[in-house]
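Engineer: This is the content of run_35.tsv (TSV, C-alpha atoms and all ligand atoms):
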chain	number	residue	atom	x	y	z
A	1	MET	CA	122.31	111.97	117.56
A	2	MET	CA	123.95	108.56	117.83
A	3	ASN	CA	121.67	105.60	118.33
A	4	ASP	CA	122.68	105.14	121.99
A	5	GLU	CA	121.89	108.77	122.72
A	6	TRP	CA	118.62	108.31	120.89
A	7	THR	CA	117.67	105.42	123.09
A	8	VAL	CA	118.33	107.39	126.26
A	9	PHE	CA	116.58	110.47	124.85
A	10	LEU	CA	113.50	108.60	123.68
A	11	SER	CA	113.24	106.45	126.80
A	12	SER	CA	113.03	109.61	128.86
A	13	PHE	CA	109.51	110.33	127.72
A	14	ILE	CA	108.16	107.52	125.60
A	15	ILE	CA	106.38	104.68	127.08
A	16	PRO	CA	108.75	101.73	127.76
A	17	HIS	CA	110.13	100.32	124.54
A	18	SER	CA	112.79	97.78	123.72
A	19	SER	CA	115.94	99.16	122.16
A	20	PHE	CA	115.17	97.45	118.84
A	21	LEU	CA	111.79	99.19	118.70
A	22	LEU	CA	113.55	102.46	119.44
A	23	PHE	CA	116.07	101.76	116.70
A	24	MET	CA	113.26	101.19	114.17
A	25	LEU	CA	111.55	104.37	115.33
A	26	SER	CA	114.79	106.35	115.07
A	27	GLN	CA	115.19	105.22	111.44
A	28	VAL	CA	111.76	106.68	110.66
A	29	VAL	CA	112.60	109.91	112.49
A	30	ASP	CA	115.89	110.27	110.56
A	31	LEU	CA	114.09	109.72	107.26
A	32	ILE	CA	111.42	112.32	107.99
A	33	VAL	CA	114.02	114.86	109.04
A	34	ALA	CA	116.11	114.27	105.90
A	35	LYS	CA	113.34	114.15	103.26
A	36	GLU	CA	110.53	116.38	102.03
A	37	ARG	CA	107.92	114.81	99.82
A	38	PHE	CA	105.96	111.91	101.24
A	39	ALA	CA	102.94	109.81	100.38
A	40	ILE	CA	101.00	107.88	103.02
A	41	THR	CA	98.75	104.95	102.24
A	42	SER	CA	96.96	102.08	103.95
A	43	HIS	CA	95.12	98.90	102.99
A	44	VAL	CA	92.17	98.63	100.61
A	45	ARG	CA	88.87	99.47	102.32
A	46	PRO	CA	90.69	101.45	105.02
A	47	ASP	CA	89.38	101.21	108.58
A	48	GLY	CA	89.64	103.58	111.54
A	49	ASP	CA	93.26	102.72	112.29
A	50	GLY	CA	94.33	102.78	108.63
A	51	LEU	CA	92.75	106.17	108.01
A	52	GLY	CA	93.23	107.70	111.45
A	53	SER	CA	96.93	106.79	111.51
A	54	SER	CA	97.46	107.88	107.89
A	55	LEU	CA	95.82	111.25	108.47
A	56	GLY	CA	97.51	111.60	111.87
A	57	LEU	CA	100.87	111.13	110.16
A	58	PHE	CA	99.77	113.55	107.43
A	59	TRP	CA	99.09	116.31	110.01
A	60	LEU	CA	102.32	115.47	111.83
A	61	LEU	CA	104.34	115.92	108.62
A	62	ARG	CA	102.44	119.13	107.87
A	63	ALA	CA	103.33	120.44	111.33
A	64	LEU	CA	106.99	119.85	110.41
A	65	GLY	CA	106.60	121.88	107.21
A	66	LYS	CA	106.92	118.79	104.97
A	67	ASP	CA	104.99	118.03	101.79
A	68	PRO	CA	102.77	114.97	102.48
A	69	GLU	CA	99.83	113.48	100.61
A	70	VAL	CA	97.46	110.65	101.61
A	71	ILE	CA	96.67	108.31	98.72
A	72	MET	CA	94.28	105.36	98.91
A	73	HIS	CA	92.87	102.78	96.54
A	74	ASP	CA	89.38	103.20	98.06
A	75	PRO	CA	87.40	106.26	99.12
A	76	VAL	CA	87.00	107.25	102.75
A	77	PRO	CA	84.08	105.25	104.27
A	78	HIS	CA	81.10	107.19	105.60
A	79	ALA	CA	82.08	106.55	109.23
A	80	TYR	CA	85.37	108.43	108.79
A	81	GLU	CA	84.22	111.34	106.64
A	82	ARG	CA	84.48	113.71	109.60
A	83	LEU	CA	88.15	112.96	110.30
A	84	PRO	CA	90.24	116.09	109.85
A	85	GLY	CA	91.72	115.93	106.35
A	86	ALA	CA	89.36	113.19	105.07
A	87	GLU	CA	88.49	115.41	102.10
A	88	LEU	CA	92.20	115.65	101.19
A	89	VAL	CA	92.61	111.89	100.63
A	90	ARG	CA	93.39	111.30	96.95
A	91	VAL	CA	91.82	108.12	95.56
A	92	THR	CA	94.05	106.55	92.92
A	93	PRO	CA	94.67	103.07	91.49
A	94	ALA	CA	98.44	103.66	91.24
A	95	VAL	CA	101.33	105.54	92.82
A	96	ASP	CA	101.45	107.96	89.92
A	97	ARG	CA	103.88	110.52	91.35
A	98	GLN	CA	107.44	110.31	92.60
A	99	TYR	CA	107.94	110.67	96.35
A	100	ASP	CA	111.00	110.64	98.59
A	101	ALA	CA	109.24	107.89	100.54
A	102	VAL	CA	105.84	106.22	100.82
A	103	PHE	CA	104.58	105.27	104.29
A	104	VAL	CA	102.48	102.11	104.20
A	105	ILE	CA	100.23	101.90	107.27
A	106	GLU	CA	99.08	98.56	108.76
A	107	CYS	CA	99.55	96.33	105.71
A	108	SER	CA	100.54	92.66	105.76
A	109	ASP	CA	102.36	92.91	102.42
A	110	VAL	CA	103.16	95.36	99.65
A	111	SER	CA	100.08	94.38	97.62
A	112	ARG	CA	97.57	95.15	100.45
A	113	PRO	CA	97.23	98.87	99.58
A	114	GLY	CA	96.13	97.79	96.08
A	115	LEU	CA	98.34	100.47	94.47
A	116	ILE	CA	100.13	99.73	91.21
A	117	ASP	CA	103.86	100.64	91.14
A	118	LEU	CA	104.09	101.00	94.93
A	119	GLU	CA	107.07	98.65	94.97
A	120	LYS	CA	109.01	101.09	92.76
A	121	GLN	CA	109.04	103.66	95.58
A	122	PHE	CA	111.09	103.89	98.77
A	123	VAL	CA	108.67	102.12	101.10
A	124	VAL	CA	108.38	102.55	104.87
A	125	ASN	CA	106.31	99.78	106.43
A	126	ILE	CA	104.57	100.84	109.68
A	127	ASP	CA	102.47	98.14	111.31
A	128	HIS	CA	101.41	96.60	114.61
A	129	HIS	CA	100.62	93.12	113.25
A	130	ALA	CA	103.27	90.61	114.32
A	131	THR	CA	102.56	88.67	111.12
A	132	THR	CA	103.46	91.45	108.66
A	133	SER	CA	106.20	90.74	106.12
A	134	HIS	CA	109.19	93.08	106.19
A	135	PHE	CA	108.44	94.42	102.72
A	136	GLY	CA	109.73	97.97	103.23
A	137	GLN	CA	113.17	99.50	102.81
A	138	VAL	CA	112.49	100.63	106.36
A	139	ASN	CA	110.25	98.50	108.61
A	140	TRP	CA	108.84	99.70	111.91
A	141	ILE	CA	106.79	96.92	113.44
A	142	ASP	CA	105.49	97.21	116.99
A	143	ALA	CA	103.21	94.33	117.91
A	144	THR	CA	102.84	95.77	121.42
A	145	ALA	CA	100.88	98.75	120.08
A	146	SER	CA	97.09	98.47	120.30
A	147	ALA	CA	96.82	100.40	117.03
A	148	VAL	CA	99.23	101.98	114.57
A	149	GLY	CA	97.76	105.17	116.06
A	150	GLU	CA	99.84	104.49	119.20
A	151	MET	CA	102.95	104.33	117.03
A	152	ILE	CA	102.10	107.61	115.32
A	153	TYR	CA	101.72	109.12	118.77
A	154	ASN	CA	105.17	107.81	119.74
A	155	LEU	CA	106.60	109.20	116.51
A	156	MET	CA	105.07	112.57	117.28
A	157	LYS	CA	106.70	112.55	120.73
A	158	ALA	CA	110.03	111.35	119.36
A	159	ILE	CA	110.15	114.07	116.75
A	160	GLY	CA	109.13	116.77	119.22
A	161	VAL	CA	105.77	117.86	117.76
A	162	ARG	CA	102.96	118.89	120.08
A	163	PRO	CA	99.62	117.18	119.36
A	164	THR	CA	97.48	119.58	117.33
A	165	ARG	CA	93.71	119.03	117.43
A	166	GLU	CA	93.93	117.43	113.97
A	167	ILE	CA	96.65	114.95	114.94
A	168	ALA	CA	94.87	114.20	118.22
A	169	GLU	CA	91.47	113.48	116.62
A	170	CYS	CA	92.97	111.22	113.97
A	171	VAL	CA	95.12	109.24	116.41
A	172	TYR	CA	92.24	108.97	118.93
A	173	THR	CA	89.96	107.57	116.21
A	174	ALA	CA	92.62	104.96	115.40
A	175	LEU	CA	92.83	103.90	119.05
A	176	LEU	CA	89.07	103.92	119.56
A	177	THR	CA	88.28	101.75	116.55
A	178	ASP	CA	91.18	99.27	116.75
A	179	THR	CA	90.48	98.52	120.41
A	180	GLY	CA	86.74	98.04	119.72
A	181	SER	CA	85.98	101.11	121.84
A	182	PHE	CA	88.52	99.94	124.45
A	183	HIS	CA	86.84	96.50	124.70
A	184	TYR	CA	89.55	94.25	123.18
A	185	SER	CA	92.49	92.66	124.95
A	186	ASN	CA	94.94	94.95	123.12
A	187	THR	CA	93.66	97.80	125.32
A	188	SER	CA	96.45	98.60	127.76
A	189	GLU	CA	97.48	101.18	130.31
A	190	ARG	CA	99.47	102.78	127.50
A	191	THR	CA	96.34	103.06	125.35
A	192	PHE	CA	94.51	104.96	128.07
A	193	LYS	CA	97.57	107.10	128.83
A	194	ILE	CA	97.77	108.17	125.21
A	195	ALA	CA	93.99	108.62	124.94
A	196	SER	CA	94.13	110.84	128.02
A	197	GLU	CA	96.82	113.05	126.44
A	198	LEU	CA	94.82	113.28	123.24
A	199	VAL	CA	91.74	114.39	125.16
A	200	ARG	CA	93.89	117.01	126.86
A	201	ALA	CA	94.94	118.14	123.36
A	202	GLY	CA	91.34	118.86	122.44
A	203	VAL	CA	89.65	115.58	121.45
A	204	LYS	CA	85.99	115.36	122.48
A	205	PRO	CA	85.41	111.59	122.95
A	206	ALA	CA	81.62	111.87	122.65
A	207	LYS	CA	81.95	113.83	119.41
A	208	VAL	CA	84.28	111.24	117.86
A	209	ALA	CA	82.08	108.35	119.02
A	210	GLN	CA	79.04	110.11	117.57
A	211	ALA	CA	80.77	110.62	114.20
A	212	VAL	CA	82.08	107.05	113.97
A	213	PHE	CA	79.33	104.94	115.58
A	214	ASN	CA	76.10	106.98	115.60
A	215	ASN	CA	76.06	108.30	112.09
A	216	TYR	CA	74.77	105.30	110.13
A	217	PRO	CA	72.52	105.53	107.10
A	218	TRP	CA	69.13	103.77	107.52
A	219	SER	CA	70.17	101.27	104.82
A	220	LYS	CA	72.63	99.83	107.34
A	221	ILE	CA	69.82	99.16	109.81
A	222	GLU	CA	67.77	97.39	107.11
A	223	LEU	CA	70.80	95.39	106.00
A	224	GLY	CA	71.52	94.49	109.63
A	225	ALA	CA	68.03	93.06	110.05
A	226	ARG	CA	68.56	90.74	107.07
A	227	VAL	CA	72.08	89.69	108.07
A	228	MET	CA	71.07	88.98	111.67
A	229	ALA	CA	68.24	86.76	110.44
A	230	THR	CA	70.92	84.43	108.98
A	231	ALA	CA	72.80	84.02	112.30
A	232	ARG	CA	73.29	80.35	113.23
A	233	ARG	CA	75.41	78.48	115.77
A	234	ASP	CA	76.74	74.99	116.24
A	235	PRO	CA	75.14	72.64	118.80
A	236	SER	CA	77.71	73.60	121.45
A	237	GLY	CA	76.75	77.25	120.98
A	238	ARG	CA	80.39	78.28	120.85
A	239	VAL	CA	80.71	79.06	117.14
A	240	ALA	CA	78.34	81.33	115.22
A	241	TRP	CA	78.20	82.40	111.60
A	242	MET	CA	76.23	84.79	109.40
A	243	ARG	CA	76.08	85.83	105.79
A	244	GLN	CA	75.54	89.01	103.80
A	245	THR	CA	74.47	88.39	100.21
A	246	LEU	CA	74.61	90.62	97.15
A	247	ALA	CA	70.80	90.37	97.02
A	248	MET	CA	70.59	91.94	100.50
A	249	LEU	CA	72.65	94.91	99.32
A	250	ASP	CA	70.34	95.23	96.33
A	251	GLU	CA	67.16	95.08	98.39
A	252	THR	CA	68.29	97.67	100.94
A	253	GLY	CA	70.41	99.97	98.78
A	254	ALA	CA	73.20	99.41	101.33
A	255	SER	CA	76.88	99.47	100.43
A	256	GLU	CA	79.30	96.69	101.29
A	257	GLU	CA	80.87	98.82	104.03
A	258	ASP	CA	77.47	99.05	105.76
A	259	GLY	CA	78.11	95.48	106.89
A	260	ASP	CA	81.13	96.58	108.95
A	261	GLY	CA	80.63	95.88	112.64
A	262	PHE	CA	77.82	93.31	112.31
A	263	VAL	CA	80.28	90.55	113.16
A	264	ASN	CA	80.33	91.85	116.72
A	265	TYR	CA	76.64	91.13	117.44
A	266	PRO	CA	76.93	87.33	117.79
A	267	MET	CA	80.13	87.91	119.80
A	268	SER	CA	78.09	89.75	122.42
A	269	CYS	CA	76.45	86.42	123.36
A	270	GLY	CA	78.31	85.07	126.40
A	271	GLU	CA	78.57	81.50	125.09
A	272	VAL	CA	79.92	82.41	121.66
A	273	GLU	CA	83.71	82.04	121.40
A	274	ALA	CA	84.18	82.63	117.66
A	275	VAL	CA	82.24	84.11	114.75
A	276	ALA	CA	82.57	84.01	110.97
A	277	PHE	CA	80.78	86.65	108.89
A	278	LEU	CA	80.83	85.99	105.15
A	279	LYS	CA	80.11	88.97	102.89
A	280	GLU	CA	79.52	88.25	99.23
A	281	THR	CA	81.50	90.78	97.16
A	282	ALA	CA	80.96	89.10	93.77
A	283	PRO	CA	79.03	85.94	92.93
A	284	GLY	CA	80.86	83.13	94.75
A	285	VAL	CA	83.41	85.42	96.45
A	286	TYR	CA	83.11	86.11	100.19
A	287	ARG	CA	85.13	88.64	102.16
A	288	THR	CA	85.15	87.02	105.56
A	289	SER	CA	85.53	88.61	108.99
A	290	LEU	CA	86.59	86.37	111.85
A	291	ARG	CA	86.35	87.26	115.53
A	292	SER	CA	87.16	85.30	118.67
A	293	LYS	CA	87.56	85.59	122.42
A	294	GLY	CA	90.60	84.87	124.61
A	295	GLU	CA	93.01	82.21	123.39
A	296	VAL	CA	91.04	81.22	120.28
A	297	ASN	CA	93.35	82.26	117.43
A	298	VAL	CA	91.56	83.33	114.25
A	299	ALA	CA	94.61	85.03	112.70
A	300	ARG	CA	96.09	81.57	112.09
A	301	ILE	CA	92.91	80.49	110.29
A	302	ALA	CA	92.81	83.67	108.18
A	303	GLU	CA	96.44	83.12	107.18
A	304	GLN	CA	95.63	79.62	105.92
A	305	PHE	CA	93.23	81.27	103.47
A	306	GLY	CA	95.65	83.99	102.37
A	307	GLY	CA	94.43	86.65	104.81
A	308	GLY	CA	95.72	87.86	108.16
A	309	GLY	CA	95.01	89.96	111.20
A	310	HIS	CA	95.22	89.63	114.97
A	311	ARG	CA	94.53	86.67	117.26
A	312	ASN	CA	90.99	87.84	118.02
A	313	ALA	CA	90.15	89.80	114.81
A	314	ALA	CA	91.20	88.66	111.37
A	315	GLY	CA	89.97	88.42	107.82
A	316	CYS	CA	90.37	86.54	104.56
A	317	THR	CA	88.58	85.93	101.27
A	318	LEU	CA	86.82	82.63	100.53
A	319	SER	CA	85.29	81.46	97.29
A	320	GLY	CA	82.99	78.78	95.89
A	321	ASP	CA	79.58	77.59	96.95
A	322	TRP	CA	77.95	79.49	99.89
A	323	ASP	CA	77.22	76.40	102.03
A	324	GLU	CA	80.59	74.80	101.34
A	325	ALA	CA	82.53	78.01	102.15
A	326	GLU	CA	80.55	78.36	105.38
A	327	ARG	CA	81.07	74.72	106.35
A	328	MET	CA	84.81	74.99	105.70
A	329	ILE	CA	85.37	78.08	107.86
A	330	VAL	CA	83.03	76.90	110.64
A	331	ARG	CA	84.95	73.62	110.83
A	332	GLU	CA	88.19	75.59	111.29
A	333	LEU	CA	86.61	77.75	114.00
A	334	LEU	CA	85.28	74.69	115.84
A	335	ASP	CA	88.79	73.16	115.78
A	336	ALA	CA	90.36	76.38	117.03
A	337	VAL	CA	87.84	76.66	119.89
A	338	GLU	CA	88.43	73.02	120.78
A	339	ARG	CA	92.22	73.51	120.78
A	340	ALA	CA	91.98	76.61	122.97
A	341	LEU	CA	89.75	74.74	125.42
A	342	ASP	CA	92.15	71.77	125.53
A	343	ASP	CA	95.12	74.07	126.12
A	344	SER	CA	93.35	75.97	128.86
A	345	GLN	CA	92.33	72.78	130.65
A	346	VAL	CA	95.84	71.33	130.92
A	347	PRO	CA	97.35	74.07	133.08
A	348	THR	CA	94.15	74.38	135.17
A	349	ALA	CA	94.20	70.66	135.95
A	350	ARG	CA	97.89	70.81	136.81
A	351	LEU	CA	97.34	73.89	138.94
A	352	ASP	CA	94.52	72.17	140.81
A	353	ALA	CA	96.73	69.15	141.50
A	354	GLU	CA	99.52	71.43	142.73
A	355	LEU	CA	97.10	73.36	144.88
A	356	LEU	CA	95.74	70.16	146.40
A	357	ALA	CA	99.25	68.90	147.12
A	358	ALA	CA	100.11	72.20	148.76
A	359	LEU	CA	96.95	72.18	150.85
A	360	ASN	CA	97.55	68.58	151.89
A	361	ALA	CA	101.11	69.41	152.87
A	362	GLU	CA	99.88	72.29	155.02
A	363	SER	CA	97.26	70.30	156.88
B	1	LIG	P1	87.77	93.02	109.31
B	1	LIG	O1	87.05	91.77	109.65
B	1	LIG	O2	87.68	93.38	107.88
B	1	LIG	O3	87.38	94.13	110.23
B	1	LIG	O4	89.31	92.73	109.59
B	1	LIG	C1	89.80	92.40	110.86
B	1	LIG	C2	91.30	92.38	110.92
B	1	LIG	O5	91.81	91.45	109.97
B	1	LIG	C3	91.99	93.69	110.60
B	1	LIG	O6	93.07	93.84	111.51
B	1	LIG	C4	92.50	93.55	109.20
B	1	LIG	O7	93.66	94.28	109.01
B	1	LIG	C5	92.74	92.06	109.09
B	1	LIG	N1	92.43	91.58	107.73
B	1	LIG	C6	91.20	91.51	107.17
B	1	LIG	N2	91.29	91.03	105.91
B	1	LIG	C7	92.60	90.80	105.67
B	1	LIG	C8	93.35	90.30	104.55
B	1	LIG	N3	92.76	89.93	103.41
B	1	LIG	N4	94.70	90.21	104.67
B	1	LIG	C9	95.31	90.58	105.82
B	1	LIG	N5	94.66	91.03	106.90
B	1	LIG	C10	93.34	91.15	106.84
B	2	MN	MN	95.25	98.40	113.21
For the structure just supplied, provide its representation as structure tokens.

Structural biologist:
Amino acid sequence: MMNDEWTVFLSSFIIPHSSFLLFMLSQVVDLIVAKERFAITSHVRPDGDGLGSSLGLFWLLRALGKDPEVIMHDPVPHAYERLPGAELVRVTPAVDRQYDAVFVIECSDVSRPGLIDLEKQFVVNIDHHATTSHFGQVNWIDATASAVGEMIYNLMKAIGVRPTREIAECVYTALLTDTGSFHYSNTSERTFKIASELVRAGVKPAKVAQAVFNNYPWSKIELGARVMATARRDPSGRVAWMRQTLAMLDETGASEEDGDGFVNYPMSCGEVEAVAFLKETAPGVYRTSLRSKGEVNVARIAEQFGGGGHRNAAGCTLSGDWDEAERMIVRELLDAVERALDDSQVPTARLDAELLAALNAES
């Protein structure tokens, strides 16, 4: 089909999309139709969207009779072991086979998957971060999608595959985790529409939630107790921070991934606008999770330190002395909160003045 016909065809059933988004999607469809042997990968320490979208795409390609393989630098975390196909993920430090194309899911740059020789392959970059670099031969970037899972769903529709239970469970997990269980501001009508279709295709939401969120090892609970004991906040109460040390992992027998999700606890305090959670991965090296509410932009802060992410959820790696690293990131968060407050006050003040003028004119 010509691109114009594509646009009309796709618009008839896919959720409203701009024509450029449809063009990028059509490039991916054409590639899949024309080629056979594919690898799919995501970032190091893959999360629910990285794995769910990768495996969703894997099952989609299988349904089309193609020859796909999911390859990752890191093993599947405990929380995602029950995803259909999790046991098929091949852990490898390098792209050691030749593929017609390699799909790279939700990565800010070509080094994020941590796979040697990836750049020698035909790379298709699929991401929903506006900040991603266009590192692929084909780039499909949709910053309006709540998760790459939404994009995989759109691809499935575009290519004319019905959601199998496997595809549906993988894509649902991507949506569930990247929206913080439908809590975050990226949760849209479209997210629920897609989730609804996935449930119709056989997903049991309670079963997925149980597998992802209620299946922790006890070591995570013990680690959580230690991490939470380090929680502090600034005098205004708007910025909080916590640390997870290597000693804590030692004492509890917990793994680094057991710390995933702790960053959300201080966020559940009404006054807290931003949180930094520093996890020591080697002496003096801290993988740092940043979270914020509303207009407070932590992606911009993460980028300054060589990381990335979304406005309200981002990450980067810091190094040096514990206290100094903490002070540095907390200072940035305080500035960001201050800026967001300033920005929000200007229009409110103006609005109030306008409202007053209008009321005065009426009376
Ligand atoms: P996390 O705090 O690890 O859950 O990460 C939150 C968000 O930040 C996710 O969307 C990640 O993709 C993104 N992120 C975390 N670390 C990095 C990094 N080093 N580079 C780019 N993006 C990152
Ligand atoms: Mn994502």

Engineer: Identify, on the basis of only C-alpha atoms, every residue whose closest approach to Gly259 (chain A) does not exceed 8 Å; exclude the query and any residue fewer than 4 positions from it along the same chain; express the result as JSON, numbers by chain.

Structural biologist: {"A": [220, 223, 224, 244, 255, 279]}

Engineer: Within 10 Å of ligand LIG 1 (chain B), which residues of chain A come that close, and what is the closest atom pair and distance in Å for each? Count all atoms listed in the file and give it as a tab-separated table.

Structural biologist:
residue	atom	partner	partner_atom	distance
A:Ser42	CA	B:LIG1	O7	9.9
A:His43	CA	B:LIG1	O7	7.7
A:Val44	CA	B:LIG1	N3	9.2
A:Arg45	CA	B:LIG1	O2	8.3
A:Pro46	CA	B:LIG1	O7	8.7
A:Asp47	CA	B:LIG1	O3	7.5
A:Gly48	CA	B:LIG1	O3	9.8
A:Asp49	CA	B:LIG1	O6	8.9
A:Gly50	CA	B:LIG1	O7	8.5
A:Glu106	CA	B:LIG1	O7	6.9
A:Cys107	CA	B:LIG1	O7	7.1
A:Ser108	CA	B:LIG1	C9	5.6
A:Asp109	CA	B:LIG1	C9	8.2
A:Ser111	CA	B:LIG1	N4	9.8
A:Arg112	CA	B:LIG1	N4	7.1
A:Asp127	CA	B:LIG1	O7	9.9
A:His128	CA	B:LIG1	O6	9.3
A:His129	CA	B:LIG1	O6	7.8
A:Thr131	CA	B:LIG1	C9	9.2
A:Thr132	CA	B:LIG1	C9	8.7
A:Ala147	CA	B:LIG1	O6	9.4
A:Thr177	CA	B:LIG1	O3	9.9
A:Asp178	CA	B:LIG1	O6	7.8
A:Glu257	CA	B:LIG1	O2	9.5
A:Gly259	CA	B:LIG1	O2	9.8
A:Asp260	CA	B:LIG1	O3	6.8
A:Gly261	CA	B:LIG1	O3	7.4
A:Phe262	CA	B:LIG1	O1	9.7
A:Val263	CA	B:LIG1	O1	7.7
A:Asn264	CA	B:LIG1	O1	9.8
A:Ala276	CA	B:LIG1	O1	9.1
A:Phe277	CA	B:LIG1	O1	8.1
A:Leu278	CA	B:LIG1	O1	9.6
A:Arg287	CA	B:LIG1	N2	7.6
A:Thr288	CA	B:LIG1	O1	6.5
A:Ser289	CA	B:LIG1	O1	3.6
A:Leu290	CA	B:LIG1	O1	5.8
A:Arg291	CA	B:LIG1	O1	7.4
A:Val298	CA	B:LIG1	O5	9.2
A:Ala299	CA	B:LIG1	O5	7.5
A:Ala302	CA	B:LIG1	C7	7.6
A:Glu303	CA	B:LIG1	C9	7.7
A:Phe305	CA	B:LIG1	N3	8.7
A:Gly306	CA	B:LIG1	N3	6.7
A:Gly307	CA	B:LIG1	N4	3.6
A:Gly308	CA	B:LIG1	N5	3.6
A:Gly309	CA	B:LIG1	O5	3.7
A:His310	CA	B:LIG1	O6	5.9
A:Arg311	CA	B:LIG1	C2	9.1
A:Asn312	CA	B:LIG1	C2	8.4
A:Ala313	CA	B:LIG1	C1	4.7
A:Ala314	CA	B:LIG1	O5	3.2
A:Gly315	CA	B:LIG1	C6	3.4
A:Cys316	CA	B:LIG1	N3	4.3
A:Thr317	CA	B:LIG1	N3	6.2
A:Leu318	CA	B:LIG1	N3	9.8

Engineer: My list of candidates is A:Val171, A:Ala101, A:Val110, A:Ala94. Which is closest to ligand MN 2 (chain B) when distances are computed with all atoms listed in the file?

Structural biologist: A:Val171

Engineer: Mind checking which residues fall within 6 Å of region 52-60 of chain A, counting only C-alpha atoms, ignoring those fewer than 5 positions away in the same chain, and posting them as a list in words?

Structural biologist: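 The residues that qualify are Pro68, Gly149, Ile167, Cys170, Val171, Thr173 and Ala174 of chain A.
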
Engineer: When distances are computed from all atoms listed in the file, which of A:Glu81, A:Ser146, A:Val239, A:Ala225 shows the smallest separation from ligand MN 2 (chain B)?

Structural biologist: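 Among the listed residues, A:Ser146 lies closest to ligand MN 2 (chain B).
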
Engineer: Could you tell me which of A:Ala247, A:Ala143, A:Leu115, A:Ala195 comes closest to ligand MN 2 (chain B) if we count only C-alpha atoms and all ligand atoms?

Structural biologist: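 Using only C-alpha atoms and all ligand atoms, the shortest distance to ligand MN 2 (chain B) belongs to A:Ala143.
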
Engineer: What lies within 10 Å of Asp142 (chain A) using only C-alpha atoms, ignoring chain neighbours under 4 positions off, as number ranges by chain?

Structural biologist: A: 17-18, 20-22, 24-25, 126-130, 146-148, 150-151

Engineer: So that I can see what lies close to Ala201 (chain A), please list as a PyMOL selection string the residues with an atom at most 7 Å from it, counting all atoms listed in the file and leaving out residues fewer than 3 positions away in the same chain.

Structural biologist: chain A and resi 163-165+168+197-198

Engineer: Just give me the residues with any atom within 10 Å of (68.0, 102.9, 101.9), file coordinates, counting only C-alpha atoms, written as a PyMOL selection string.

Structural biologist: chain A and resi 217-223+249-255

Engineer: With all atoms listed in the file as the basis for distance, which of A:Leu64, A:Asn139, A:Gln98, A:Ala86 is at the shortest distance from Phe23 (chain A)?

Structural biologist: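 Checking each candidate against Phe23 (chain A), we get A:Asn139 as the closest.
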
Engineer: So which one's closest to ligand MN 2 (chain B), A:Ile141, A:Leu31, A:Val123, A:Val102? Using all atoms listed in the file, please.

Structural biologist: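 Going through A:Ile141, A:Leu31, A:Val123, A:Val102 one by one, the smallest distance to ligand MN 2 (chain B) is for A:Ile141.
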
Engineer: Hey, which of A:Val33, A:Val91, A:Ile71, A:Leu175 ends up closest to ligand MN 2 (chain B)? Count only C-alpha atoms and all ligand atoms.

Structural biologist: A:Leu175

Engineer: What does the distance between CA of Val208 (chain A) and CA of Phe103 (chain A) come to in Å, to one decimal place?

Structural biologist: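 Between CA of Val208 (chain A) and CA of Phe103 (chain A) the gap is 25.1 Å.
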
Engineer: What is the distance between CA of Arg90 (chain A) and CA of Gly160 (chain A), in Å to one decimal?

Structural biologist: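 These two atoms are separated by 27.8 Å.
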
Engineer: Contacts of Lys66 (chain A) at 9 Å or less, counting all atoms listed in the file, minus same-chain residues fewer than 5 places along, as a list in words?

Structural biologist: Ile32, Lys35, Glu36, Arg37, Phe38, Leu60 and Leu61 of chain A

Engineer: Grab the CA of Val203 (chain A) to CA of Thr191 (chain A) distance for me, in Å with one decimal place.

Structural biologist: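 Separation of CA of Val203 (chain A) and CA of Thr191 (chain A): 14.7 Å.
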